[in-house]
Amino acid sequence: MSLVERIKAARHVYLVGNGGSYSNAMHVANDLLSCGVRAFTMDPATFSAFANDHGYDKTFAMWLQIVGKAGDLLIALSGSGKSPNILLAVEAAEKIGMDVHKEFGAEQGLDMQQAEEAQIKLGHDLMRQLKCV
């Protein structure tokens with residue numbers, strides 16, 4: 001099943017990313033907002049408090065444990081594919097029964113800049129294919 005079909009079939013779609021990929025997750029989610037796609041973002045105070053209380057590596061995984069359900073889709077963005085917070089989010093999503101799409105640049109043989117460019121291209125391609133406005 002293509003990613004477009006998976007998005008259409010999902011109950012909810014969430015994006016996560018770290019660093020530049022965090023910004024790209026926000027950008028892609030904004031482009032796909034009318035299609036119901038959401039990025040895991042918090043205001044800086046809430047995010048830093050959550051990370052302080054629970055550990056930065058667990059922030060996305062714990063968030064998914066709160067809001068994620070079987071039938072949801074997680075799109076995980078990472079240039080390296082090695083960020084513990086992203087890997088733990090993928091693991092948590094899979095345990096919940098969510099569908100997971102990993103967009104890890106290193107797995108595609110891309111350097112960090114190419115990986116982040118590919119993330120934005122993916123978002124723009126999805127926007128055209130899904131006809132989000």
# chains A, B, ... in the order shown; residues from 1 in each chain; ligands from 1

$ select_by_dssp --residues "range 19-106 of chain A" --states "alpha helix (DSSP H)" --output "ChimeraX atom specification"
/A:20-31,44-54,59-67,84-96

$ residues_around --residues "Ala76 in chain A" --least-positions-apart "6" --cutoff "7 Å" --atoms "only C-alpha atoms" --output "short mmCIF file (atom, residue, chain, number, x, y, z; two decimals) with C-alpha atoms, in the first residue's frame"
data_model
loop_
_atom_site.label_atom_id
_atom_site.label_comp_id
_atom_site.auth_asym_id
_atom_site.auth_seq_id
_atom_site.Cartn_x
_atom_site.Cartn_y
_atom_site.Cartn_z
CA LEU A 15 4.71 13.10 12.40
CA VAL A 16 7.79 13.17 14.58
CA GLY A 17 11.29 14.39 13.89
CA ILE A 86 12.68 8.71 17.18
CA HIS A 101 6.44 4.85 7.94
CA LYS A 102 10.13 5.57 8.53
CA GLU A 103 11.72 8.27 6.40
#

$ closest_residue --among "A:Ala93, A:Ala25, A:Leu73, A:Ala45" --to "Leu122 in chain A" --atoms "only C-alpha atoms"
A:Ala25

$ residues_around --residues "Val28 in chain A" --least-positions-apart "3" --cutoff "7 Å" --atoms "only C-alpha atoms" --output "number ranges by chain"
A: 24-25, 31-32, 120, 123

$ residues_around --residues "Leu130 in chain A" --least-positions-apart "4" --cutoff "12 Å" --atoms "only C-alpha atoms" --output "list in words"
Ser2, Leu3, Val4, Glu5, Arg6, Ile7, Lys8, Asp31, Leu32, Leu33, Ser34, Cys35, Gly36, Val37, Leu122, Gly123, His124, Asp125 and Leu126 of chain A

$ closest_residue --among "A:Asn30, A:Asn18, A:Thr41, A:Gln119" --to "Pro84 in chain A" --atoms "only C-alpha atoms"
A:Asn18

$ closest_residue --among "A:Leu87, A:Leu74, A:Ala118, A:Met62" --to "Asp99 in chain A" --atoms "only C-alpha atoms"
A:Leu74

$ residues_around --residues "Gly68 in chain A" --least-positions-apart "2" --cutoff "8 Å" --atoms "only C-alpha atoms" --output "PyMOL selection string"
chain A and resi 63-66+70+72+93+96+98

$ closest_residue --among "A:Met1, A:Ala92, A:Cys132, A:Val67" --to "Ala29 in chain A" --atoms "only C-alpha atoms"
A:Cys132

$ closest_residue --among "A:Asn85, A:Ser21, A:Asn52, A:Thr59" --to "Gln114 in chain A" --atoms "only C-alpha atoms"
A:Ser21

$ select_by_dssp --residues "chain A" --states "strand (DSSP E or B)" --output "list in words"
Val13, Tyr14, Leu15, Val16, Val37, Arg38, Ala39, Leu73, Leu74, Ile75, Ala76, Leu77, Ser78, Asp99, Val100, His101, Lys102, Glu103 and Phe104 of chain A

$ write_last_selection --atoms "all heavy atoms" --output "short mmCIF file (atom, residue, chain, number, x, y, z; two decimals), in the first residue's frame"
data_model
loop_
_atom_site.label_atom_id
_atom_site.label_comp_id
_atom_site.auth_asym_id
_atom_site.auth_seq_id
_atom_site.Cartn_x
_atom_site.Cartn_y
_atom_site.Cartn_z
N VAL A 13 -2.99 10.65 11.71
CA VAL A 13 -1.63 10.61 11.21
C VAL A 13 -0.79 11.59 12.02
O VAL A 13 -1.16 12.75 12.17
CB VAL A 13 -1.55 10.98 9.71
CG1 VAL A 13 -0.12 10.91 9.21
CG2 VAL A 13 -2.47 10.09 8.88
N TYR A 14 0.33 11.09 12.54
CA TYR A 14 1.23 11.91 13.34
C TYR A 14 2.62 11.88 12.74
O TYR A 14 3.05 10.86 12.20
CB TYR A 14 1.31 11.38 14.77
CG TYR A 14 -0.02 11.34 15.48
CD1 TYR A 14 -0.65 10.13 15.72
CD2 TYR A 14 -0.64 12.51 15.90
CE1 TYR A 14 -1.88 10.09 16.38
CE2 TYR A 14 -1.86 12.48 16.55
CZ TYR A 14 -2.47 11.26 16.79
OH TYR A 14 -3.68 11.23 17.43
N LEU A 15 3.32 13.01 12.84
CA LEU A 15 4.71 13.10 12.40
C LEU A 15 5.59 13.42 13.59
O LEU A 15 5.20 14.22 14.44
CB LEU A 15 4.88 14.22 11.37
CG LEU A 15 4.45 13.92 9.96
CD1 LEU A 15 3.12 14.55 9.68
CD2 LEU A 15 5.49 14.44 9.00
N VAL A 16 6.78 12.82 13.59
CA VAL A 16 7.79 13.17 14.58
C VAL A 16 9.11 13.34 13.85
O VAL A 16 9.34 12.74 12.80
CB VAL A 16 7.95 12.11 15.70
CG1 VAL A 16 6.70 12.03 16.55
CG2 VAL A 16 8.31 10.75 15.14
N VAL A 37 -3.35 15.64 9.06
CA VAL A 37 -2.04 15.22 9.54
C VAL A 37 -1.57 16.19 10.61
O VAL A 37 -1.70 17.41 10.45
CB VAL A 37 -1.03 15.14 8.37
CG1 VAL A 37 0.36 14.81 8.86
CG2 VAL A 37 -1.50 14.13 7.33
N ARG A 38 -1.00 15.65 11.70
CA ARG A 38 -0.53 16.47 12.81
C ARG A 38 0.91 16.12 13.16
O ARG A 38 1.27 14.95 13.15
CB ARG A 38 -1.38 16.24 14.07
CG ARG A 38 -2.86 16.44 13.90
CD ARG A 38 -3.20 17.93 13.79
NE ARG A 38 -4.64 18.15 13.71
CZ ARG A 38 -5.34 18.22 12.59
NH1 ARG A 38 -4.74 18.04 11.44
NH2 ARG A 38 -6.62 18.46 12.60
N ALA A 39 1.69 17.13 13.48
CA ALA A 39 3.04 16.90 13.98
C ALA A 39 3.01 16.96 15.50
O ALA A 39 2.21 17.68 16.08
CB ALA A 39 4.02 17.95 13.44
N LEU A 73 -1.37 6.23 12.05
CA LEU A 73 -0.13 6.13 11.27
C LEU A 73 0.88 7.10 11.86
O LEU A 73 0.56 8.27 12.11
CB LEU A 73 -0.40 6.49 9.81
CG LEU A 73 0.82 6.69 8.89
CD1 LEU A 73 1.62 5.41 8.73
CD2 LEU A 73 0.37 7.22 7.52
N LEU A 74 2.09 6.62 12.08
CA LEU A 74 3.20 7.47 12.49
C LEU A 74 4.16 7.59 11.32
O LEU A 74 4.59 6.58 10.76
CB LEU A 74 3.95 6.87 13.69
CG LEU A 74 5.23 7.62 14.08
CD1 LEU A 74 4.90 8.99 14.65
CD2 LEU A 74 6.07 6.80 15.05
N ILE A 75 4.48 8.83 10.95
CA ILE A 75 5.52 9.10 9.97
C ILE A 75 6.70 9.64 10.76
O ILE A 75 6.61 10.72 11.37
CB ILE A 75 5.07 10.08 8.89
CG1 ILE A 75 3.85 9.53 8.15
CG2 ILE A 75 6.21 10.38 7.92
CD1 ILE A 75 3.22 10.51 7.16
N ALA A 76 7.79 8.89 10.80
CA ALA A 76 8.97 9.26 11.58
C ALA A 76 10.06 9.77 10.64
O ALA A 76 10.50 9.05 9.75
CB ALA A 76 9.47 8.05 12.36
N LEU A 77 10.48 11.01 10.86
CA LEU A 77 11.51 11.63 10.04
C LEU A 77 12.83 11.65 10.81
O LEU A 77 12.87 12.08 11.96
CB LEU A 77 11.13 13.07 9.69
CG LEU A 77 9.77 13.31 9.03
CD1 LEU A 77 9.58 14.81 8.76
CD2 LEU A 77 9.62 12.51 7.76
N SER A 78 13.90 11.20 10.17
CA SER A 78 15.22 11.25 10.78
C SER A 78 16.28 11.20 9.69
O SER A 78 16.22 10.33 8.81
CB SER A 78 15.42 10.08 11.75
OG SER A 78 16.74 10.08 12.28
N ASP A 99 0.42 1.86 12.35
CA ASP A 99 1.19 1.69 11.14
C ASP A 99 2.34 2.69 11.24
O ASP A 99 2.17 3.79 11.76
CB ASP A 99 0.30 2.01 9.93
CG ASP A 99 0.97 1.75 8.59
OD1 ASP A 99 2.04 1.12 8.55
OD2 ASP A 99 0.39 2.19 7.57
N VAL A 100 3.53 2.32 10.78
CA VAL A 100 4.70 3.20 10.88
C VAL A 100 5.37 3.32 9.52
O VAL A 100 5.62 2.32 8.84
CB VAL A 100 5.72 2.66 11.91
CG1 VAL A 100 6.98 3.52 11.92
CG2 VAL A 100 5.11 2.58 13.31
N HIS A 101 5.64 4.57 9.13
CA HIS A 101 6.44 4.85 7.94
C HIS A 101 7.69 5.57 8.40
O HIS A 101 7.61 6.65 8.99
CB HIS A 101 5.67 5.72 6.94
CG HIS A 101 6.51 6.13 5.77
ND1 HIS A 101 6.72 5.30 4.69
CD2 HIS A 101 7.22 7.26 5.53
CE1 HIS A 101 7.51 5.91 3.81
NE2 HIS A 101 7.84 7.09 4.31
N LYS A 102 8.85 4.96 8.15
CA LYS A 102 10.13 5.57 8.53
C LYS A 102 10.73 6.24 7.30
O LYS A 102 10.91 5.60 6.26
CB LYS A 102 11.08 4.53 9.09
CG LYS A 102 10.60 3.89 10.36
CD LYS A 102 11.64 2.95 10.96
CE LYS A 102 11.87 1.75 10.08
NZ LYS A 102 12.78 0.77 10.67
N GLU A 103 11.04 7.50 7.45
CA GLU A 103 11.72 8.27 6.40
C GLU A 103 13.10 8.61 6.96
O GLU A 103 13.33 9.70 7.47
CB GLU A 103 10.91 9.52 6.07
CG GLU A 103 11.33 10.23 4.82
CD GLU A 103 11.07 9.44 3.54
OE1 GLU A 103 10.13 8.62 3.48
OE2 GLU A 103 11.82 9.66 2.57
N PHE A 104 14.00 7.61 6.90
CA PHE A 104 15.34 7.74 7.47
C PHE A 104 16.34 7.90 6.32
O PHE A 104 16.57 6.96 5.55
CB PHE A 104 15.71 6.52 8.30
CG PHE A 104 14.91 6.35 9.58
CD1 PHE A 104 15.12 5.24 10.36
CD2 PHE A 104 13.98 7.28 9.99
CE1 PHE A 104 14.41 5.06 11.55
CE2 PHE A 104 13.26 7.12 11.17
CZ PHE A 104 13.50 5.99 11.95
#
